[in-house]
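Enquirer: Sharing entry.csv, CSV, C-alpha atoms:
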chain,number,residue,atom,x,y,z
D,1,MET,CA,-39.1,-76.1,100.8
D,2,SER,CA,-40.1,-79.5,99.4
D,3,ALA,CA,-42.2,-80.1,96.4
D,4,SER,CA,-45.4,-82.1,96.9
D,5,PRO,CA,-46.6,-84.6,94.2
D,6,VAL,CA,-49.0,-83.2,91.7
D,7,SER,CA,-52.3,-84.9,91.4
D,8,CYS,CA,-53.3,-85.5,87.8
D,9,GLY,CA,-56.8,-86.9,88.1
D,10,VAL,CA,-58.0,-90.1,86.4
D,11,PRO,CA,-55.3,-92.2,84.8
D,12,VAL,CA,-55.7,-92.7,81.0
D,13,SER,CA,-54.3,-95.4,78.8
D,14,PHE,CA,-51.6,-94.9,76.3
D,15,ALA,CA,-54.1,-95.9,73.6
D,16,GLU,CA,-56.5,-93.2,74.8
D,17,LEU,CA,-53.8,-90.5,74.5
D,18,GLN,CA,-52.9,-91.7,71.0
D,19,SER,CA,-56.6,-91.7,70.0
D,20,ALA,CA,-57.1,-88.1,71.4
D,21,ILE,CA,-54.1,-86.9,69.4
D,22,ALA,CA,-55.3,-88.6,66.2
D,23,GLY,CA,-58.7,-87.0,66.7
D,24,VAL,CA,-57.2,-83.6,67.0
D,25,VAL,CA,-55.2,-84.1,63.8
D,26,THR,CA,-57.9,-85.8,61.7
D,27,GLY,CA,-60.4,-83.2,62.9
D,28,GLY,CA,-58.3,-80.4,61.6
D,29,GLN,CA,-58.4,-78.6,64.9
D,30,VAL,CA,-54.7,-77.4,64.6
D,31,GLY,CA,-54.5,-77.4,60.8
D,32,GLU,CA,-51.4,-79.2,59.5
D,33,PRO,CA,-49.4,-80.4,62.5
D,34,VAL,CA,-45.8,-79.2,62.2
D,35,ASN,CA,-44.3,-79.7,65.7
D,36,ALA,CA,-45.0,-81.8,68.8
D,37,ARG,CA,-43.6,-81.3,72.2
D,38,VAL,CA,-43.8,-84.2,74.7
D,39,HIS,CA,-42.4,-84.0,78.3
D,40,TRP,CA,-42.7,-87.0,80.6
D,41,ASP,CA,-42.0,-86.8,84.3
D,42,VAL,CA,-41.0,-90.3,85.5
D,43,ALA,CA,-41.4,-90.9,89.3
D,44,ASP,CA,-39.9,-94.5,89.4
D,45,ASP,CA,-36.1,-94.2,89.8
D,46,SER,CA,-35.8,-97.7,88.4
D,47,ALA,CA,-37.6,-96.8,85.2
D,48,ASP,CA,-35.5,-96.3,82.1
D,49,LEU,CA,-35.8,-92.7,80.8
D,50,ALA,CA,-35.1,-94.1,77.3
D,51,GLU,CA,-38.4,-96.0,77.5
D,52,ALA,CA,-40.3,-92.8,78.3
D,53,ILE,CA,-38.6,-91.1,75.3
D,54,LEU,CA,-39.5,-93.9,73.0
D,55,ALA,CA,-43.1,-93.9,74.2
D,56,ALA,CA,-43.1,-90.1,73.8
D,57,ALA,CA,-41.9,-90.6,70.2
D,58,THR,CA,-44.9,-92.8,69.6
D,59,LEU,CA,-47.2,-90.0,70.7
D,60,ALA,CA,-45.4,-87.4,68.6
D,61,ASP,CA,-45.6,-89.7,65.7
D,62,ALA,CA,-49.3,-90.0,66.1
D,63,ALA,CA,-49.6,-86.3,65.6
D,64,LEU,CA,-46.9,-85.7,63.0
D,65,ASN,CA,-46.7,-89.0,61.0
D,66,LEU,CA,-42.9,-88.6,61.0
D,67,THR,CA,-40.9,-89.9,58.0
D,68,GLU,CA,-37.2,-90.3,57.6
D,69,THR,CA,-36.5,-88.7,61.0
D,70,ARG,CA,-33.0,-87.6,62.1
D,71,TRP,CA,-32.6,-87.7,65.9
D,72,THR,CA,-30.3,-85.7,68.2
D,73,VAL,CA,-30.2,-87.1,71.7
D,74,ARG,CA,-28.7,-85.5,74.9
D,75,ARG,CA,-28.5,-87.3,78.2
D,76,ASP,CA,-27.7,-85.8,81.6
D,77,PRO,CA,-24.7,-87.6,83.0
D,78,HIS,CA,-26.6,-88.3,86.3
D,79,ASP,CA,-29.5,-89.9,84.4
D,80,ARG,CA,-32.0,-87.3,85.6
D,81,LEU,CA,-32.9,-85.9,82.1
D,82,LEU,CA,-33.0,-87.2,78.6
D,83,ASN,CA,-33.8,-85.0,75.6
D,84,ALA,CA,-34.4,-85.9,71.9
D,85,LEU,CA,-35.0,-83.7,68.9
D,86,GLY,CA,-36.3,-85.2,65.8
D,87,VAL,CA,-36.6,-83.5,62.4
D,88,ASP,CA,-38.2,-85.4,59.5
D,89,ASP,CA,-37.7,-85.0,55.8
D,90,ARG,CA,-40.6,-82.6,55.6
D,91,GLY,CA,-39.3,-80.3,58.3
D,92,ARG,CA,-41.7,-81.5,61.0
D,93,THR,CA,-40.1,-81.5,64.5
D,94,ALA,CA,-40.6,-83.5,67.6
D,95,LEU,CA,-39.1,-82.3,70.9
D,96,LEU,CA,-39.1,-85.0,73.5
D,97,SER,CA,-37.9,-85.0,77.1
D,98,ALA,CA,-38.1,-87.3,80.1
D,99,SER,CA,-37.0,-86.4,83.6
D,100,ARG,CA,-37.0,-87.8,87.1
D,101,ALA,CA,-39.7,-86.2,89.2
D,102,ALA,CA,-41.8,-86.6,92.3
D,103,SER,CA,-44.8,-87.9,90.4
D,104,ASP,CA,-45.6,-89.5,87.0
D,105,GLN,CA,-47.2,-87.2,84.5
D,106,LEU,CA,-47.1,-86.3,80.9
D,107,ALA,CA,-47.6,-83.0,79.0
D,108,LEU,CA,-48.1,-82.9,75.2
D,109,THR,CA,-48.5,-79.9,72.9
D,110,VAL,CA,-49.2,-80.2,69.2
D,111,PHE,CA,-48.5,-77.1,67.1
D,112,GLY,CA,-50.2,-76.8,63.8
D,113,ASN,CA,-50.2,-74.1,61.1
D,114,HIS,CA,-53.7,-73.0,62.4
D,115,GLY,CA,-53.6,-73.7,66.1
D,116,VAL,CA,-52.3,-75.5,69.1
D,117,ALA,CA,-53.7,-78.5,71.1
D,118,ARG,CA,-52.5,-79.4,74.6
D,119,ILE,CA,-52.8,-82.2,77.0
D,120,GLU,CA,-51.3,-81.3,80.4
D,121,GLN,CA,-50.7,-83.3,83.6
D,122,ALA,CA,-51.9,-86.6,82.1
D,123,CYS,CA,-51.2,-89.8,84.1
D,124,LEU,CA,-50.9,-93.1,82.5
D,125,ALA,CA,-52.9,-96.1,83.8
D,126,TYR,CA,-49.9,-98.4,83.7
D,127,ALA,CA,-46.1,-98.1,83.9
D,128,LEU,CA,-43.3,-98.2,81.4
D,129,PRO,CA,-42.1,-99.9,79.3
D,130,LEU,CA,-44.6,-99.9,76.4
D,131,SER,CA,-44.1,-102.4,73.6
D,132,ASP,CA,-44.5,-100.8,70.2
D,133,SER,CA,-42.3,-100.6,67.2
D,134,SER,CA,-42.2,-98.1,64.3
D,135,ALA,CA,-39.6,-96.7,62.0
D,136,CYS,CA,-39.7,-93.5,64.1
D,137,ARG,CA,-39.1,-95.4,67.4
D,138,ASP,CA,-36.4,-97.7,65.8
D,139,ALA,CA,-34.4,-94.7,64.5
D,140,LEU,CA,-34.7,-92.9,67.9
D,141,GLN,CA,-33.7,-96.1,69.8
D,142,ALA,CA,-30.5,-96.3,67.6
D,143,ALA,CA,-29.7,-92.6,68.4
D,144,ILE,CA,-30.2,-93.2,72.2
D,145,ARG,CA,-27.9,-96.2,72.1
D,146,GLY,CA,-25.2,-93.9,70.6
D,147,VAL,CA,-25.3,-91.6,73.7
D,148,ALA,CA,-23.4,-92.6,76.7
D,149,PRO,CA,-25.4,-92.6,80.0
Could you show the structure in this file as structure tokens?
Expert:
Amino acid sequence: MSASPVSCGVPVSFAELQSAIAGVVTGGQVGEPVNARVHWDVADDSADLAEAILAAATLADAALNLTETRWTVRRDPHDRLLNALGVDDRGRTALLSASRAASDQLALTVFGNHGVARIEQACLAYALPLSDSSACRDALQAAIRGVAP
């Protein structure tokens, strides 16, 4: 039995995703954010999963405002899956994953002390890589470089 690609509707921009996350946080819909989970299915076999993880970190950081984050990275030896777990100095956690899949889509969950917000099956309007830099991304990029493919 073969899997068919999942349709995810109208593509959104990365900026729209960041804005939606920021709106949830500033609006107090989840209370104080304590954890973010981002999973990115990447359809393009030539795309670098590390780029998807770095972009996912930007989304998690939009929710958590991570500071002094320590990253643990695990990579599948066949380059089909890349996971990263970040814990900051305040105990906030970001769990990020990127995997090869039949279609591009992204799922994000923000857990707060008073609720949960989800974005499921989001499609981005443009492909990786995304150019952005932050202390969060820079620390994660260093951790990724330390893990053999």
Enquirer: Within 12 Å of (-49.7, -79.1, 73.8) in the file's own coordinates, which protein, DNA or RNA residues have an atom, counting all atoms listed in the file? List them as a PyMOL selection string.
Expert: chain D and resi 20-21+24+30+33+35-39+59-60+63+94-95+106-112+115-122
Enquirer: Please, could you write that set of residues out with C-alpha atoms as a PDB file, in the frame of the given file?
Expert:
ATOM      1  CA  ALA D  20     -57.100 -88.100  71.400  1.00  0.00           C
ATOM      2  CA  ILE D  21     -54.100 -86.900  69.400  1.00  0.00           C
ATOM      3  CA  VAL D  24     -57.200 -83.600  67.000  1.00  0.00           C
ATOM      4  CA  VAL D  30     -54.700 -77.400  64.600  1.00  0.00           C
ATOM      5  CA  PRO D  33     -49.400 -80.400  62.500  1.00  0.00           C
ATOM      6  CA  ASN D  35     -44.300 -79.700  65.700  1.00  0.00           C
ATOM      7  CA  ALA D  36     -45.000 -81.800  68.800  1.00  0.00           C
ATOM      8  CA  ARG D  37     -43.600 -81.300  72.200  1.00  0.00           C
ATOM      9  CA  VAL D  38     -43.800 -84.200  74.700  1.00  0.00           C
ATOM     10  CA  HIS D  39     -42.400 -84.000  78.300  1.00  0.00           C
ATOM     11  CA  LEU D  59     -47.200 -90.000  70.700  1.00  0.00           C
ATOM     12  CA  ALA D  60     -45.400 -87.400  68.600  1.00  0.00           C
ATOM     13  CA  ALA D  63     -49.600 -86.300  65.600  1.00  0.00           C
ATOM     14  CA  ALA D  94     -40.600 -83.500  67.600  1.00  0.00           C
ATOM     15  CA  LEU D  95     -39.100 -82.300  70.900  1.00  0.00           C
ATOM     16  CA  LEU D 106     -47.100 -86.300  80.900  1.00  0.00           C
ATOM     17  CA  ALA D 107     -47.600 -83.000  79.000  1.00  0.00           C
ATOM     18  CA  LEU D 108     -48.100 -82.900  75.200  1.00  0.00           C
ATOM     19  CA  THR D 109     -48.500 -79.900  72.900  1.00  0.00           C
ATOM     20  CA  VAL D 110     -49.200 -80.200  69.200  1.00  0.00           C
ATOM     21  CA  PHE D 111     -48.500 -77.100  67.100  1.00  0.00           C
ATOM     22  CA  GLY D 112     -50.200 -76.800  63.800  1.00  0.00           C
ATOM     23  CA  GLY D 115     -53.600 -73.700  66.100  1.00  0.00           C
ATOM     24  CA  VAL D 116     -52.300 -75.500  69.100  1.00  0.00           C
ATOM     25  CA  ALA D 117     -53.700 -78.500  71.100  1.00  0.00           C
ATOM     26  CA  ARG D 118     -52.500 -79.400  74.600  1.00  0.00           C
ATOM     27  CA  ILE D 119     -52.800 -82.200  77.000  1.00  0.00           C
ATOM     28  CA  GLU D 120     -51.300 -81.300  80.400  1.00  0.00           C
ATOM     29  CA  GLN D 121     -50.700 -83.300  83.600  1.00  0.00           C
ATOM     30  CA  ALA D 122     -51.900 -86.600  82.100  1.00  0.00           C
TER      31      ALA D 122
END
Enquirer: Hey, can you check how far CA of Gly91 (chain D) sits from CA of Val34 (chain D)?
Expert: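 So the two atoms, CA of Gly91 (chain D) and CA of Val34 (chain D), lie 7.7 Å apart.
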Enquirer: Pick out the closest residue to Val42 (chain D) from this set: D:Val87, D:Ala102, D:Ala62, D:Leu54. Count only C-alpha atoms.
Expert: D:Ala102
Enquirer: Ranking D:Glu32, D:Asp76, D:Asp45, D:Glu68 by minimum distance to Arg90 (chain D) and counting all atoms listed in the file, which one comes first?
Expert: D:Glu68
Enquirer: Using Å and a single decimal, report how far CA of Glu16 (chain D) sits from CA of Cys136 (chain D).
Expert: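 Computing it gives 19.9 Å between the two atoms.
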Enquirer: Name the residues, using the chain letters and numbers of the file, that sit within 12 Å of (-38.8, -91.5, 58.2) when counting all atoms listed in the file, and give them as a list in words.
Expert: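 Checking each residue against the 12 Å limit leaves Asp61, Leu64, Asn65, Leu66, Thr67, Glu68, Thr69, Arg70, Trp71, Gly86, Val87, Asp88, Asp89, Arg90, Gly91, Arg92, Thr93, Ser134, Ala135, Cys136, Arg137, Asp138, Ala139 and Leu140 of chain D.
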Enquirer: Just give me the gap between CA of Ala142 (chain D) and CA of Arg80 (chain D) in Å, one decimal is fine.
Expert: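 Here the two named atoms are 20.2 Å from each other.
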Enquirer: Please provide as a PyMOL selection string all residues within 9 Å of Arg100 (chain D), with the sequence filter that same-chain residues fewer than 6 positions apart are discarded (counting all atoms listed in the file).
Expert: chain D and resi 40-45+49+79-81
Enquirer: Nearest residue to Ala50 (chain D) out of D:Val25, D:Val12, D:Ala98, D:Leu17, using only C-alpha atoms?
Expert: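 Selected residue with least distance to Ala50 (chain D): D:Ala98.
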